[in-house]
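Below: data07.cif (mmCIF, C-alpha atoms)
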```cif
data_query
#
loop_
_atom_site.label_atom_id
_atom_site.label_comp_id
_atom_site.auth_asym_id
_atom_site.auth_seq_id
_atom_site.Cartn_x
_atom_site.Cartn_y
_atom_site.Cartn_z
CA MET A 1 195.09 -125.69 -85.38
CA LEU A 2 195.04 -123.67 -88.58
CA GLN A 3 192.50 -120.90 -89.01
CA GLU A 4 189.85 -121.75 -91.59
CA TYR A 5 187.83 -119.06 -93.29
CA SER A 6 184.43 -119.55 -94.87
CA ASN A 7 183.48 -116.13 -96.24
CA ILE A 8 186.14 -113.83 -97.68
CA LEU A 9 185.61 -110.18 -98.64
CA VAL A 10 187.81 -108.73 -101.37
CA PRO A 11 187.36 -105.01 -102.07
CA LEU A 12 188.29 -104.07 -105.64
CA ASP A 13 189.10 -100.63 -106.99
CA GLY A 14 190.57 -101.54 -110.38
CA SER A 15 194.18 -101.37 -109.19
CA GLU A 16 196.75 -104.05 -109.93
CA GLN A 17 197.22 -104.71 -106.21
CA ALA A 18 193.50 -105.30 -105.71
CA GLY A 19 193.55 -107.79 -108.58
CA ILE A 20 196.48 -109.64 -107.03
CA ALA A 21 194.64 -109.71 -103.69
CA LEU A 22 191.70 -111.33 -105.50
CA ASP A 23 194.00 -113.95 -107.03
CA LYS A 24 195.32 -114.82 -103.58
CA ALA A 25 191.81 -114.82 -102.11
CA VAL A 26 190.71 -117.37 -104.70
CA ALA A 27 193.64 -119.60 -103.69
CA VAL A 28 192.70 -119.25 -100.00
CA ALA A 29 189.02 -119.89 -100.77
CA LYS A 30 189.87 -123.08 -102.67
CA ARG A 31 191.93 -124.37 -99.73
CA ASN A 32 189.20 -123.49 -97.22
CA ASP A 33 186.16 -124.36 -99.36
CA ALA A 34 185.11 -120.74 -98.80
CA HIS A 35 182.85 -118.20 -100.48
CA ILE A 36 184.19 -114.89 -101.87
CA ASP A 37 182.34 -111.58 -101.92
CA VAL A 38 183.93 -109.08 -104.30
CA LEU A 39 183.01 -105.50 -103.46
CA ALA A 40 183.33 -102.20 -105.30
CA VAL A 41 182.56 -99.09 -103.29
CA ILE A 42 181.58 -95.99 -105.20
CA ASP A 43 182.20 -92.77 -103.33
CA PRO A 44 180.43 -90.01 -105.29
CA GLY A 45 181.76 -87.43 -102.84
CA GLN A 46 185.32 -87.94 -104.03
CA PHE A 47 184.45 -86.18 -107.30
CA GLY A 48 182.68 -83.22 -105.77
CA TYR A 49 178.99 -82.62 -105.95
CA ASN A 50 178.71 -80.95 -109.32
CA LEU A 51 181.42 -81.70 -111.84
CA ALA A 52 181.40 -78.77 -114.24
CA GLY A 53 177.63 -78.57 -114.17
CA LEU A 54 176.97 -82.25 -114.90
CA ALA A 55 174.07 -83.80 -113.07
CA ASP A 56 175.16 -85.85 -110.06
CA GLY A 57 172.68 -88.58 -110.96
CA ASP A 58 174.25 -89.02 -114.39
CA ILE A 59 177.74 -89.30 -112.90
CA THR A 60 176.62 -91.78 -110.26
CA TYR A 61 174.75 -93.85 -112.84
CA GLN A 62 177.85 -94.03 -115.05
CA LEU A 63 180.08 -94.98 -112.11
CA VAL A 64 177.70 -97.81 -111.19
CA GLN A 65 177.54 -99.01 -114.79
CA ASP A 66 181.33 -98.98 -115.14
CA SER A 67 181.79 -100.79 -111.83
CA GLU A 68 179.22 -103.41 -112.72
CA ALA A 69 180.87 -104.09 -116.08
CA TYR A 70 184.30 -104.38 -114.44
CA LEU A 71 183.03 -106.72 -111.71
CA LYS A 72 181.05 -108.91 -114.13
CA GLU A 73 184.13 -109.33 -116.31
CA THR A 74 186.42 -110.03 -113.33
CA VAL A 75 184.09 -112.52 -111.64
CA GLY A 76 183.21 -114.09 -114.99
CA GLN A 77 186.88 -114.83 -115.64
CA ILE A 78 187.29 -116.42 -112.21
CA LYS A 79 184.24 -118.61 -112.82
CA LYS A 80 185.58 -119.54 -116.25
CA ASP A 81 188.83 -120.60 -114.53
CA GLY A 82 186.85 -123.01 -112.34
CA PHE A 83 185.94 -121.21 -109.10
CA ASP A 84 182.17 -120.68 -108.80
CA ASP A 85 181.55 -119.68 -105.18
CA ILE A 86 181.92 -115.96 -105.79
CA ASP A 87 179.52 -113.01 -105.95
CA PHE A 88 180.02 -109.33 -106.62
CA HIS A 89 178.46 -106.34 -104.92
CA ILE A 90 178.42 -102.57 -105.36
CA ARG A 91 177.89 -100.15 -102.48
CA MET A 92 177.64 -96.38 -102.44
CA GLY A 93 179.42 -94.28 -99.82
CA SER A 94 182.72 -93.99 -98.02
CA PRO A 95 184.90 -97.10 -98.61
CA LYS A 96 186.48 -97.09 -95.16
CA PRO A 97 183.43 -97.85 -92.97
CA ILE A 98 181.70 -99.87 -95.67
CA ILE A 99 184.61 -102.29 -96.09
CA SER A 100 185.69 -102.48 -92.45
CA GLN A 101 182.28 -102.71 -90.81
CA ASP A 102 179.04 -102.32 -92.74
CA PHE A 103 179.51 -104.94 -95.46
CA VAL A 104 181.12 -107.42 -93.06
CA LYS A 105 178.09 -107.15 -90.73
CA ASP A 106 175.64 -107.63 -93.59
CA HIS A 107 177.41 -110.58 -95.23
CA HIS A 108 179.09 -112.23 -92.22
CA ASN A 109 182.58 -112.19 -93.72
CA ASP A 110 185.30 -113.70 -91.53
CA LEU A 111 188.28 -112.43 -93.55
CA ILE A 112 189.06 -109.33 -95.59
CA MET A 113 191.85 -109.65 -98.17
CA MET A 114 192.95 -106.46 -99.88
CA GLY A 115 195.90 -104.86 -101.63
CA ALA A 116 198.34 -102.69 -99.73
CA THR A 117 197.51 -99.66 -101.85
CA GLY A 118 194.76 -98.78 -104.29
CA LEU A 119 194.12 -96.24 -107.01
CA ASN A 120 193.48 -93.06 -105.07
CA ALA A 121 196.85 -91.53 -104.15
CA VAL A 122 195.31 -88.13 -103.33
CA GLU A 123 193.05 -89.65 -100.66
CA ARG A 124 196.00 -91.50 -99.12
CA VAL A 125 197.87 -88.22 -98.73
CA LEU A 126 194.92 -86.24 -97.40
CA GLU A 127 193.05 -88.78 -95.29
CA GLY A 128 195.19 -91.90 -94.98
CA SER A 129 194.76 -95.08 -96.95
CA VAL A 130 191.65 -97.21 -96.99
CA THR A 131 193.81 -100.24 -96.24
CA THR A 132 195.26 -98.67 -93.09
CA TYR A 133 191.80 -97.69 -91.89
CA VAL A 134 190.43 -101.19 -92.55
CA GLN A 135 193.35 -102.80 -90.70
CA ARG A 136 192.66 -100.67 -87.64
CA ASN A 137 188.88 -100.81 -87.62
CA ALA A 138 187.76 -104.06 -89.23
CA LEU A 139 185.40 -106.33 -87.36
CA THR A 140 187.27 -109.37 -88.65
CA ASP A 141 190.73 -110.57 -89.69
CA VAL A 142 192.46 -108.60 -92.44
CA ILE A 143 195.20 -109.83 -94.74
CA VAL A 144 197.01 -107.10 -96.64
CA VAL A 145 198.40 -108.64 -99.81
CA LYS A 146 201.84 -107.38 -100.78
CA THR A 147 203.03 -110.28 -102.97
CA ASP A 148 201.65 -112.12 -105.97
CA LEU A 149 200.94 -115.85 -106.18
CA GLU A 150 204.68 -116.55 -106.57
CA ASN A 151 205.39 -114.43 -103.46
CA THR A 152 207.12 -111.76 -105.52
CA GLN A 153 206.64 -108.30 -104.06
CA VAL A 154 204.14 -106.19 -105.96
CA GLU A 155 205.37 -102.77 -107.07
CA LYS A 156 203.61 -99.82 -105.44
#
```
Target encoding structure tokens, full file:
Amino acid sequence: MLQEYSNILVPLDGSEQAGIALDKAVAVAKRNDAHIDVLAVIDPGQFGYNLAGLADGDITYQLVQDSEAYLKETVGQIKKDGFDDIDFHIRMGSPKPIISQDFVKDHHNDLIMMGATGLNAVERVLEGSVTTYVQRNALTDVIVVKTDLENTQVEK
């Protein structure tokens, strides 16, 4: 029997690979009559606590506004293309535990689909990738997307 998924989580960070993972998640959701939760995680700590004297609240506010605009545009395009069972969310904190555990618990996701690499190369070198962490610690199945809809490998 084939595995059917009903609630797919797709973390987005603005990278090309995350966008391709979303494209594939939409295809999976259509086949499974599933819901998609798109998630952006804002980690204010990655920028330090006081960027050149700027108020942390102002930086956080701008990050949330930028993320919301990006997610609205992305989800809006998917809805325009005919898939409506999709919502977006923004969380604050460390992406690794939020994606792998916290959000999944709160929203009862049964699949996480994400790109093999994201935007933050420095974090990958210093702490390991978010994708690797999620693969090891997720409370549900994880599909790491490495190819586009035509199964052509995505450049890293």
Residue neighbourhood region 139-141 of chain A, 9 Å, all atoms listed in the file, exclusion window fewer than 3 positions, as a ChimeraX atom specification:
/A:100-101,104-105,109-113,134-135
Using only C-alpha atoms, which of A:Ile78, A:Ile86, A:Ile59, A:Ile20 sits nearest Ile36 (chain A)?
A:Ile86
What separation in Å, quoted to one decimal, exists between CA of Gly57 (chain A) and CA of Lys72 (chain A)?
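Those two atoms sit 22.2 Å apart.
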Output check: residues returned by the PyMOL selection byres ((chain A and resi 22) around 9), as a PyMOL selection string:
chain A and resi 10-12+17-21+23-27+38+113-115
For this file, the PyMOL selection byres ((chain A and resi 88) around 8) selects which residues, as JSON, numbers by chain?
{"A": [37, 38, 39, 40, 71, 72, 75, 86, 87, 89, 90]}
So which residues get picked by the PyMOL selection byres ((chain A and resi 91-94) around 9) here, written as a VMD selection string?
chain A and resid 39 to 46 64 89 to 90 95 to 99 103
Residues as selected, C-alpha atoms, written as a PDB file, in the coordinates of the input, can you do that?
```
ATOM      1  CA  LEU A  39     183.010-105.500-103.460  1.00  0.00           C
ATOM      2  CA  ALA A  40     183.330-102.200-105.300  1.00  0.00           C
ATOM      3  CA  VAL A  41     182.560 -99.090-103.290  1.00  0.00           C
ATOM      4  CA  ILE A  42     181.580 -95.990-105.200  1.00  0.00           C
ATOM      5  CA  ASP A  43     182.200 -92.770-103.330  1.00  0.00           C
ATOM      6  CA  PRO A  44     180.430 -90.010-105.290  1.00  0.00           C
ATOM      7  CA  GLY A  45     181.760 -87.430-102.840  1.00  0.00           C
ATOM      8  CA  GLN A  46     185.320 -87.940-104.030  1.00  0.00           C
ATOM      9  CA  VAL A  64     177.700 -97.810-111.190  1.00  0.00           C
ATOM     10  CA  HIS A  89     178.460-106.340-104.920  1.00  0.00           C
ATOM     11  CA  ILE A  90     178.420-102.570-105.360  1.00  0.00           C
ATOM     12  CA  PRO A  95     184.900 -97.100 -98.610  1.00  0.00           C
ATOM     13  CA  LYS A  96     186.480 -97.090 -95.160  1.00  0.00           C
ATOM     14  CA  PRO A  97     183.430 -97.850 -92.970  1.00  0.00           C
ATOM     15  CA  ILE A  98     181.700 -99.870 -95.670  1.00  0.00           C
ATOM     16  CA  ILE A  99     184.610-102.290 -96.090  1.00  0.00           C
ATOM     17  CA  PHE A 103     179.510-104.940 -95.460  1.00  0.00           C
TER      18      PHE A 103
END
```
Counting all atoms listed in the file, the option among A:Thr132, A:Ala116, A:Ser6, A:Ala34 closest to Thr147 (chain A)
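Counting all atoms listed in the file, the residue closest to Thr147 (chain A) is A:Ala116.
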So the first atom is CA of Asn7 (chain A) and the second is CA of His108 (chain A); what is the distance between them in Å, to one decimal place?
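Pair CA of Asn7 (chain A) / CA of His108 (chain A) returns 7.1 Å.
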Interatomic distance between CA of Leu63 (chain A) and CA of His107 (chain A)?
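Atom-to-atom, CA of Leu63 (chain A) and CA of His107 (chain A) are spaced 23.1 Å apart.
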Any chance you could work out the axis-aligned box around region 8-20 of chain A, listed atoms only, 8 Å on each side, giving centre and edge lengths in Å to one decimal, as lines of an AutoDock Vina configuration file?
```
center_x = 191.4
center_y = -107.2
center_z = -104.0
size_x = 27.6
size_y = 29.2
size_z = 28.7
```
